[in-house]
Amino acid sequence: MASAAASLSTICTSFTTHCAISNHSPKTPFSQSTFFPFSRTHSLSLSFQPTLSPRLPLLPPKSSDTAQALSDPQPATQLVQSPPLQPPSWEPGLFAVVMVGGRQYIVHPGRWITVQRLKGAKVNDKIALHRVLLVGTDTSCYIGRPVVTNAVVYATVEEQGLDDKVIVFKYKKKKKYRRTIGHRQPNTRIRINSIMGYENYPKVTMDDIKDKEDKDS
């Protein structure tokens with residue numbers, strides 16, 4: 001027994017010299033700190049860095065109704081970049097009859113009129129009206145067949161507005177159907193600047209009218 005105990009103590013002594021027993025377990029790559037790096041005592045702060053997305057190339061503007069009107073050889077209404085200078089004085093009683101959007105208007109230099117909405121025209125734009133049906137003064141008259149050749153009425157766009165409200169009421173008897181709708185028609189107010197280009201057109205004077213009346217009588 002004594003020899004067995006001595007051999008056991010020798011084995012234990014040699015084992016302690018070669019091995020060190022520790023209570024702390026080695027850290028493994030899949031420990032708790034790997035999955036939860038932040039403790040409850042630490043505050044979580046995140047920083048975001050904005051990333052700029054590349055801008056798309058600008059597309060060319062679409063052709064508006066104004067560009068289409070300018071492409072015509074002689075449109076009824078045309079935007080002008082640099083209108084001619086306004087004459088210092090007009091003939092006494094100068095006026096003209098122009099057609100805008102299928103309607104006829106009597107215009108005088110210096111006055112404004114309200115016409116239906118001119119598409120593509122902005123405030124302070126200069127426009128030219130080419131459909132001049134008649135030009136008149138106190139002593140003579142230029143009657144177009146159907147328009148006065150080379151006659152142009154220059155104007156300035158002052159306001160893009162709306163007409164007064166019109167109530168549209170729909171009703172069907174014995175059907176319990178009633179509808180009330182309000183509508184405001186868009187319009188454009190323009191200021192007439194000058195009437196030009198009619199001088200070379202054949203004119204009719206009061207003397208010509210009197211001579212014709214004498215021949216008929």
# chains A, B, ... in the order shown; residues from 1 in each chain; ligands from 1
call {"tool": "residues_around", "arguments": {"residues": "A:Ile195", "least_positions_apart": "5", "cutoff": "9 Å", "atoms": "only C-alpha atoms", "output": "PyMOL selection string"}}
result
chain A and resi 90+94-96+108-109+135+151-154
call {"tool": "select_by_dssp", "arguments": {"residues": "stretch 133-213 of chain A", "states": "strand (DSSP E or B)", "output": "number ranges by chain"}}
result
A: 133-136, 140-143, 152-162, 166-172, 177-183, 186-196, 204-205
call {"tool": "atom_distance", "arguments": {"atom1": "atom CA of A:Arg117", "atom2": "atom CA of A:Ile190"}}
result
10.5 Å
call {"tool": "residues_around", "arguments": {"residues": "A:Asn200", "least_positions_apart": "5", "cutoff": "10 Å", "atoms": "only C-alpha atoms", "output": "CSV table (one decimal) with N, CA and C atoms, in the first residue's frame"}}
result
chain,number,residue,atom,x,y,z
A,142,TYR,N,-60.2,100.2,-95.4
A,142,TYR,CA,-59.5,99.1,-96.1
A,142,TYR,C,-60.3,97.8,-95.8
A,148,VAL,N,-57.0,91.8,-94.9
A,148,VAL,CA,-56.2,92.9,-95.5
A,148,VAL,C,-54.8,92.4,-95.6
A,149,THR,N,-54.2,92.4,-96.8
A,149,THR,CA,-52.9,91.9,-97.0
A,149,THR,C,-51.8,92.7,-96.2
A,150,ASN,N,-50.9,92.0,-95.6
A,150,ASN,CA,-49.8,92.6,-94.8
A,150,ASN,C,-50.2,93.4,-93.6
A,151,ALA,N,-51.4,93.5,-93.3
A,151,ALA,CA,-51.9,94.2,-92.1
A,151,ALA,C,-51.7,93.4,-90.8
call {"tool": "atom_distance", "arguments": {"atom1": "atom CA of A:Thr188", "atom2": "atom CA of A:Val166"}}
result
17.7 Å
call {"tool": "residues_around", "arguments": {"residues": "A:Arg179", "least_positions_apart": "4", "cutoff": "9 Å", "atoms": "only C-alpha atoms", "output": "list in words"}}
result
Val168, Phe169, Lys170 and Tyr171 of chain A
call {"tool": "residues_around", "arguments": {"residues": "A:Asp163", "least_positions_apart": "6", "cutoff": "12 Å", "atoms": "only C-alpha atoms", "output": "list of chain:residue names"}}
result
A:Thr114, A:Val115, A:Gln116, A:Arg117, A:Gly182, A:His183, A:Arg184, A:Gln185, A:Pro186, A:Asn187, A:Thr188, A:Arg189
call {"tool": "write_last_selection", "arguments": {"atoms": "all heavy atoms", "output": "compact mmCIF listing (two decimals), in the first residue's frame"}}
result
# COMPACT_ATOMS: atom_id res chain seq x y z
N THR A 114 -60.62 91.53 -74.12
CA THR A 114 -60.53 90.21 -73.52
C THR A 114 -60.94 89.17 -74.56
O THR A 114 -62.06 89.23 -75.08
CB THR A 114 -61.44 90.10 -72.29
OG1 THR A 114 -61.06 91.11 -71.33
CG2 THR A 114 -61.32 88.73 -71.65
N VAL A 115 -60.04 88.26 -74.86
CA VAL A 115 -60.29 87.21 -75.85
C VAL A 115 -60.20 85.87 -75.14
O VAL A 115 -59.86 85.78 -73.96
CB VAL A 115 -59.29 87.30 -77.01
CG1 VAL A 115 -59.41 88.63 -77.73
CG2 VAL A 115 -57.86 87.10 -76.53
N GLN A 116 -60.50 84.81 -75.88
CA GLN A 116 -60.37 83.49 -75.30
C GLN A 116 -58.90 83.17 -75.04
O GLN A 116 -58.00 83.80 -75.60
CB GLN A 116 -61.00 82.44 -76.21
CG GLN A 116 -60.29 82.25 -77.54
CD GLN A 116 -60.96 81.18 -78.38
OE1 GLN A 116 -62.07 80.75 -78.10
NE2 GLN A 116 -60.29 80.74 -79.41
N ARG A 117 -58.65 82.17 -74.21
CA ARG A 117 -57.30 81.87 -73.74
C ARG A 117 -56.35 81.58 -74.90
O ARG A 117 -56.64 80.76 -75.77
CB ARG A 117 -57.32 80.68 -72.80
CG ARG A 117 -55.96 80.22 -72.28
CD ARG A 117 -55.31 81.28 -71.41
NE ARG A 117 -56.07 81.56 -70.24
CZ ARG A 117 -55.92 80.93 -69.07
NH1 ARG A 117 -55.03 79.96 -68.95
NH2 ARG A 117 -56.65 81.29 -68.02
N GLY A 182 -70.43 74.26 -61.73
CA GLY A 182 -69.96 75.61 -62.03
C GLY A 182 -68.78 75.56 -62.99
O GLY A 182 -67.93 74.68 -62.90
N HIS A 183 -68.73 76.51 -63.90
CA HIS A 183 -67.66 76.55 -64.90
C HIS A 183 -67.21 77.99 -65.11
O HIS A 183 -68.04 78.91 -65.20
CB HIS A 183 -68.12 75.96 -66.23
CG HIS A 183 -67.13 76.12 -67.34
ND1 HIS A 183 -65.95 75.40 -67.37
CD2 HIS A 183 -67.11 76.93 -68.43
CE1 HIS A 183 -65.26 75.76 -68.45
NE2 HIS A 183 -65.95 76.68 -69.11
N ARG A 184 -65.89 78.17 -65.21
CA ARG A 184 -65.30 79.49 -65.51
C ARG A 184 -64.39 79.33 -66.73
O ARG A 184 -63.39 78.61 -66.67
CB ARG A 184 -64.51 80.03 -64.32
CG ARG A 184 -65.35 80.23 -63.08
CD ARG A 184 -64.56 80.89 -61.98
NE ARG A 184 -64.22 82.26 -62.33
CZ ARG A 184 -63.47 83.07 -61.57
NH1 ARG A 184 -62.98 82.61 -60.44
NH2 ARG A 184 -63.20 84.29 -61.96
N GLN A 185 -64.75 79.99 -67.80
CA GLN A 185 -64.00 79.88 -69.04
C GLN A 185 -62.70 80.69 -68.95
O GLN A 185 -62.72 81.86 -68.59
CB GLN A 185 -64.85 80.38 -70.21
CG GLN A 185 -64.21 80.21 -71.58
CD GLN A 185 -64.14 78.75 -72.01
OE1 GLN A 185 -64.83 77.91 -71.47
NE2 GLN A 185 -63.32 78.46 -72.99
N PRO A 186 -61.55 80.10 -69.26
CA PRO A 186 -60.29 80.87 -69.22
C PRO A 186 -60.23 81.89 -70.35
O PRO A 186 -60.72 81.65 -71.46
CB PRO A 186 -59.21 79.79 -69.38
CG PRO A 186 -59.91 78.65 -70.04
CD PRO A 186 -61.33 78.68 -69.59
N ASN A 187 -59.63 83.03 -70.06
CA ASN A 187 -59.52 84.11 -71.05
C ASN A 187 -58.16 84.78 -70.95
O ASN A 187 -57.36 84.48 -70.05
CB ASN A 187 -60.65 85.13 -70.88
CG ASN A 187 -60.65 85.77 -69.50
OD1 ASN A 187 -59.64 85.79 -68.81
ND2 ASN A 187 -61.79 86.25 -69.05
N THR A 188 -57.90 85.68 -71.87
CA THR A 188 -56.64 86.43 -71.92
C THR A 188 -56.96 87.89 -72.22
O THR A 188 -57.72 88.18 -73.16
CB THR A 188 -55.71 85.88 -73.00
OG1 THR A 188 -55.46 84.49 -72.75
CG2 THR A 188 -54.38 86.62 -73.01
N ARG A 189 -56.39 88.78 -71.45
CA ARG A 189 -56.56 90.22 -71.70
C ARG A 189 -55.30 90.75 -72.38
O ARG A 189 -54.18 90.56 -71.88
CB ARG A 189 -56.80 90.98 -70.39
CG ARG A 189 -57.18 92.45 -70.61
CD ARG A 189 -57.47 93.13 -69.31
NE ARG A 189 -56.27 93.34 -68.53
CZ ARG A 189 -56.25 93.92 -67.34
NH1 ARG A 189 -57.37 94.30 -66.76
NH2 ARG A 189 -55.11 94.07 -66.69
call {"tool": "closest_residue", "arguments": {"among": "A:Gly120, A:Gly110, A:Pro92, A:Gly144", "to": "A:Thr77", "atoms": "only C-alpha atoms"}}
result
A:Gly120
call {"tool": "atom_distance", "arguments": {"atom1": "atom CA of A:Glu213", "atom2": "atom CA of A:Gly136"}}
result
20.1 Å
